[in-house]
Amino acid sequence: MKSSLKNRRLLLAAAGVLGTFMLSPAFAQLSQPRLSLRGIVQFYSGLSHQDRAISLLQQQIDKSNPELLQADSIAANVWRNSTMLVGHEDILGDIAEANRTGTNPIDMAMAVANVRVGAPVDVEVFYGPGVESPTEAMVTITEGGLLDDSVAGFRYRFDIVNQNGQWTITRAGRQFRCQPGRGHQDWSIELCS
């Protein structure tokens, strides 16, 4: 009995975080591992309960944070792996070659965005894969409170890759948000009036 339980636990560990999708209800009751999107994608096989779970997850995302999967989102742009960030004005060509490399992705992005001292700024960084020695960073810098009659803010996104300790900006984009009454209120590449 003990070896049977031990074998079941080993099987659960081998199945990784996807446990409840892959295993029978008897196994699933032994442990409730956390699901990962990577596991869901890896083990998806078109079964009806998997489709239902994905639909429920989509509904939860749409309800709680619909921006996560918009066409111009970080995830969508990384998934596409195109040369440009979709939904962003391509600014990579505007960055001097010498400014495309450095040792700190946040400092590099801040320098390119030319953030004004004292301006309200939000910096968001996603590193991957892994935390200890990441080889990729997606940096988003959002600057608001502009003293401009038409543009309320800028949002910059940078896809930055680390090779041998040297970070390199591989894609860079910019979006605008207009002042009320001067155009769109969402992030867009459309100019404000």
# chains A, B, ... in the order shown; residues from 1 in each chain; ligands from 1
call {"tool": "residues_around", "arguments": {"residues": "stretch 186-193 of chain A", "least_positions_apart": "4", "cutoff": "6 Å", "atoms": "only C-alpha atoms", "output": "PyMOL selection string"}}
result
chain A and resi 88-89+150+175-178+182
call {"tool": "write_last_selection", "arguments": {"atoms": "C-alpha atoms", "output": "compact mmCIF listing (two decimals), in the first residue's frame"}}
result
# COMPACT_ATOMS: atom_id res chain seq x y z
CA HIS A 88 2.86 50.20 -31.47
CA GLU A 89 4.71 52.79 -33.51
CA SER A 150 -3.32 67.04 -27.05
CA GLN A 175 1.74 54.34 -28.10
CA PHE A 176 -0.16 57.54 -27.30
CA ARG A 177 -3.14 58.43 -25.15
CA CYS A 178 -4.91 61.71 -25.89
CA ARG A 182 -8.50 65.54 -28.28
call {"tool": "residues_around", "arguments": {"residues": "A:Gly144", "least_positions_apart": "2", "cutoff": "8 Å", "atoms": "only C-alpha atoms", "output": "MDAnalysis selection string"}}
result
chainID A and resid 119:121 142 146 152:154
call {"tool": "write_last_selection", "arguments": {"atoms": "N, CA and C atoms", "output": "mmCIF file, in the first residue's frame"}}
result
data_model
loop_
_atom_site.group_PDB
_atom_site.id
_atom_site.type_symbol
_atom_site.label_atom_id
_atom_site.label_comp_id
_atom_site.auth_asym_id
_atom_site.auth_seq_id
_atom_site.Cartn_x
_atom_site.Cartn_y
_atom_site.Cartn_z
ATOM 1 N N ALA A 119 8.144 63.350 -13.579
ATOM 2 C CA ALA A 119 6.917 62.982 -14.297
ATOM 3 C C ALA A 119 6.340 61.711 -13.681
ATOM 4 N N PRO A 120 4.993 61.596 -13.643
ATOM 5 C CA PRO A 120 4.403 60.353 -13.150
ATOM 6 C C PRO A 120 4.703 59.220 -14.130
ATOM 7 N N VAL A 121 5.433 58.219 -13.647
ATOM 8 C CA VAL A 121 5.890 57.130 -14.507
ATOM 9 C C VAL A 121 5.599 55.799 -13.832
ATOM 10 N N THR A 142 5.223 53.660 -18.786
ATOM 11 C CA THR A 142 4.044 54.480 -19.043
ATOM 12 C C THR A 142 4.256 55.827 -18.374
ATOM 13 N N LEU A 146 1.330 64.622 -18.888
ATOM 14 C CA LEU A 146 2.084 65.516 -19.775
ATOM 15 C C LEU A 146 1.435 66.895 -19.830
ATOM 16 N N ALA A 152 -1.890 63.090 -23.669
ATOM 17 C CA ALA A 152 -1.950 62.916 -22.209
ATOM 18 C C ALA A 152 -0.817 62.034 -21.701
ATOM 19 N N GLY A 153 -0.353 61.106 -22.558
ATOM 20 C CA GLY A 153 0.705 60.210 -22.101
ATOM 21 C C GLY A 153 1.298 59.374 -23.209
ATOM 22 N N PHE A 154 2.433 58.774 -22.901
ATOM 23 C CA PHE A 154 3.124 57.856 -23.791
ATOM 24 C C PHE A 154 3.284 56.526 -23.081
#
call {"tool": "residues_around", "arguments": {"residues": "stretch 165-169 of chain A", "least_positions_apart": "6", "cutoff": "12 Å", "atoms": "only C-alpha atoms", "output": "PyMOL selection string"}}
result
chain A and resi 83-84+91-109+112+133-139+157-159
call {"tool": "write_last_selection", "arguments": {"atoms": "C-alpha atoms", "output": "PDB file, in the first residue's frame"}}
result
ATOM      1  CA  THR A  83      10.072  42.071 -35.987  1.00  0.00           C
ATOM      2  CA  MET A  84       7.748  44.816 -34.710  1.00  0.00           C
ATOM      3  CA  ILE A  91      10.814  53.185 -32.770  1.00  0.00           C
ATOM      4  CA  LEU A  92      13.702  50.695 -32.933  1.00  0.00           C
ATOM      5  CA  GLY A  93      15.152  52.524 -35.933  1.00  0.00           C
ATOM      6  CA  ASP A  94      15.096  55.779 -33.928  1.00  0.00           C
ATOM      7  CA  ILE A  95      17.389  54.300 -31.264  1.00  0.00           C
ATOM      8  CA  ALA A  96      21.080  54.845 -31.950  1.00  0.00           C
ATOM      9  CA  GLU A  97      22.933  51.550 -32.348  1.00  0.00           C
ATOM     10  CA  ALA A  98      25.111  52.355 -29.313  1.00  0.00           C
ATOM     11  CA  ASN A  99      21.988  52.823 -27.147  1.00  0.00           C
ATOM     12  CA  ARG A 100      20.511  49.440 -28.083  1.00  0.00           C
ATOM     13  CA  THR A 101      22.905  47.529 -25.817  1.00  0.00           C
ATOM     14  CA  GLY A 102      23.757  47.743 -22.142  1.00  0.00           C
ATOM     15  CA  THR A 103      23.959  45.946 -18.808  1.00  0.00           C
ATOM     16  CA  ASN A 104      20.573  46.850 -17.300  1.00  0.00           C
ATOM     17  CA  PRO A 105      17.334  46.572 -19.333  1.00  0.00           C
ATOM     18  CA  ILE A 106      15.418  49.024 -17.119  1.00  0.00           C
ATOM     19  CA  ASP A 107      18.113  51.716 -17.415  1.00  0.00           C
ATOM     20  CA  MET A 108      18.258  51.174 -21.169  1.00  0.00           C
ATOM     21  CA  ALA A 109      14.488  51.507 -21.580  1.00  0.00           C
ATOM     22  CA  VAL A 112      15.323  55.626 -24.668  1.00  0.00           C
ATOM     23  CA  SER A 133      19.407  34.155 -14.850  1.00  0.00           C
ATOM     24  CA  PRO A 134      16.825  35.621 -17.206  1.00  0.00           C
ATOM     25  CA  THR A 135      17.660  35.915 -20.865  1.00  0.00           C
ATOM     26  CA  GLU A 136      14.690  38.064 -21.839  1.00  0.00           C
ATOM     27  CA  ALA A 137      12.947  41.145 -20.486  1.00  0.00           C
ATOM     28  CA  MET A 138       9.825  42.965 -21.628  1.00  0.00           C
ATOM     29  CA  VAL A 139       9.868  46.486 -20.203  1.00  0.00           C
ATOM     30  CA  ARG A 157       7.458  48.800 -24.753  1.00  0.00           C
ATOM     31  CA  PHE A 158      10.847  47.220 -25.170  1.00  0.00           C
ATOM     32  CA  ASP A 159      11.676  43.584 -25.892  1.00  0.00           C
TER      33      ASP A 159
END
call {"tool": "atom_distance", "arguments": {"atom1": "atom CA of A:Glu143", "atom2": "atom CA of A:Val115"}}
result
7.3 Å
call {"tool": "decode", "arguments": {"residues": "stretch 127-147 of chain A", "atoms": "N, CA and C atoms", "output": "PDB file, in the first residue's frame"}}
result
ATOM      1  N   TYR A 127      10.540  39.413 -16.618  1.00  0.00           N
ATOM      2  CA  TYR A 127      11.751  38.681 -16.986  1.00  0.00           C
ATOM      3  C   TYR A 127      11.388  37.233 -17.283  1.00  0.00           C
ATOM      4  N   GLY A 128      12.186  36.595 -18.109  1.00  0.00           N
ATOM      5  CA  GLY A 128      11.964  35.179 -18.364  1.00  0.00           C
ATOM      6  C   GLY A 128      13.108  34.598 -19.151  1.00  0.00           C
ATOM      7  N   PRO A 129      13.138  33.369 -19.441  1.00  0.00           N
ATOM      8  CA  PRO A 129      12.500  32.380 -18.585  1.00  0.00           C
ATOM      9  C   PRO A 129      13.344  32.206 -17.329  1.00  0.00           C
ATOM     10  N   GLY A 130      12.726  32.109 -16.226  1.00  0.00           N
ATOM     11  CA  GLY A 130      13.422  31.975 -14.954  1.00  0.00           C
ATOM     12  C   GLY A 130      13.731  33.325 -14.340  1.00  0.00           C
ATOM     13  N   VAL A 131      13.995  33.318 -13.055  1.00  0.00           N
ATOM     14  CA  VAL A 131      14.217  34.554 -12.325  1.00  0.00           C
ATOM     15  C   VAL A 131      15.698  34.806 -12.073  1.00  0.00           C
ATOM     16  N   GLU A 132      16.449  33.750 -11.804  1.00  0.00           N
ATOM     17  CA  GLU A 132      17.841  33.918 -11.396  1.00  0.00           C
ATOM     18  C   GLU A 132      18.758  34.349 -12.533  1.00  0.00           C
ATOM     19  N   SER A 133      18.561  33.797 -13.704  1.00  0.00           N
ATOM     20  CA  SER A 133      19.407  34.155 -14.850  1.00  0.00           C
ATOM     21  C   SER A 133      18.541  34.374 -16.083  1.00  0.00           C
ATOM     22  N   PRO A 134      17.723  35.411 -16.061  1.00  0.00           N
ATOM     23  CA  PRO A 134      16.825  35.621 -17.206  1.00  0.00           C
ATOM     24  C   PRO A 134      17.609  35.983 -18.464  1.00  0.00           C
ATOM     25  N   THR A 135      17.050  35.584 -19.579  1.00  0.00           N
ATOM     26  CA  THR A 135      17.660  35.915 -20.865  1.00  0.00           C
ATOM     27  C   THR A 135      16.780  36.850 -21.681  1.00  0.00           C
ATOM     28  N   GLU A 136      15.611  37.177 -21.140  1.00  0.00           N
ATOM     29  CA  GLU A 136      14.690  38.064 -21.839  1.00  0.00           C
ATOM     30  C   GLU A 136      14.018  39.000 -20.845  1.00  0.00           C
ATOM     31  N   ALA A 137      13.701  40.193 -21.304  1.00  0.00           N
ATOM     32  CA  ALA A 137      12.947  41.145 -20.486  1.00  0.00           C
ATOM     33  C   ALA A 137      12.003  41.921 -21.405  1.00  0.00           C
ATOM     34  N   MET A 138      10.780  42.104 -20.936  1.00  0.00           N
ATOM     35  CA  MET A 138       9.825  42.965 -21.628  1.00  0.00           C
ATOM     36  C   MET A 138       9.566  44.115 -20.670  1.00  0.00           C
ATOM     37  N   VAL A 139       9.984  45.307 -21.065  1.00  0.00           N
ATOM     38  CA  VAL A 139       9.868  46.486 -20.203  1.00  0.00           C
ATOM     39  C   VAL A 139       8.792  47.407 -20.784  1.00  0.00           C
ATOM     40  N   THR A 140       7.859  47.809 -19.932  1.00  0.00           N
ATOM     41  CA  THR A 140       6.828  48.771 -20.324  1.00  0.00           C
ATOM     42  C   THR A 140       6.982  50.004 -19.450  1.00  0.00           C
ATOM     43  N   ILE A 141       7.103  51.149 -20.083  1.00  0.00           N
ATOM     44  CA  ILE A 141       7.210  52.420 -19.366  1.00  0.00           C
ATOM     45  C   ILE A 141       6.015  53.273 -19.776  1.00  0.00           C
ATOM     46  N   THR A 142       5.223  53.660 -18.786  1.00  0.00           N
ATOM     47  CA  THR A 142       4.044  54.480 -19.043  1.00  0.00           C
ATOM     48  C   THR A 142       4.256  55.827 -18.374  1.00  0.00           C
ATOM     49  N   GLU A 143       4.205  56.867 -19.184  1.00  0.00           N
ATOM     50  CA  GLU A 143       4.400  58.230 -18.681  1.00  0.00           C
ATOM     51  C   GLU A 143       3.107  59.003 -18.896  1.00  0.00           C
ATOM     52  N   GLY A 144       2.602  59.596 -17.831  1.00  0.00           N
ATOM     53  CA  GLY A 144       1.371  60.368 -17.917  1.00  0.00           C
ATOM     54  C   GLY A 144       1.582  61.775 -17.389  1.00  0.00           C
ATOM     55  N   GLY A 145       0.497  62.507 -17.285  1.00  0.00           N
ATOM     56  CA  GLY A 145       0.567  63.849 -16.738  1.00  0.00           C
ATOM     57  C   GLY A 145       1.347  64.831 -17.587  1.00  0.00           C
ATOM     58  N   LEU A 146       1.330  64.622 -18.888  1.00  0.00           N
ATOM     59  CA  LEU A 146       2.084  65.516 -19.775  1.00  0.00           C
ATOM     60  C   LEU A 146       1.435  66.895 -19.830  1.00  0.00           C
ATOM     61  N   LEU A 147       2.236  67.914 -19.838  1.00  0.00           N
ATOM     62  CA  LEU A 147       1.738  69.282 -19.988  1.00  0.00           C
ATOM     63  C   LEU A 147       1.667  69.597 -21.476  1.00  0.00           C
TER      64      LEU A 147
END
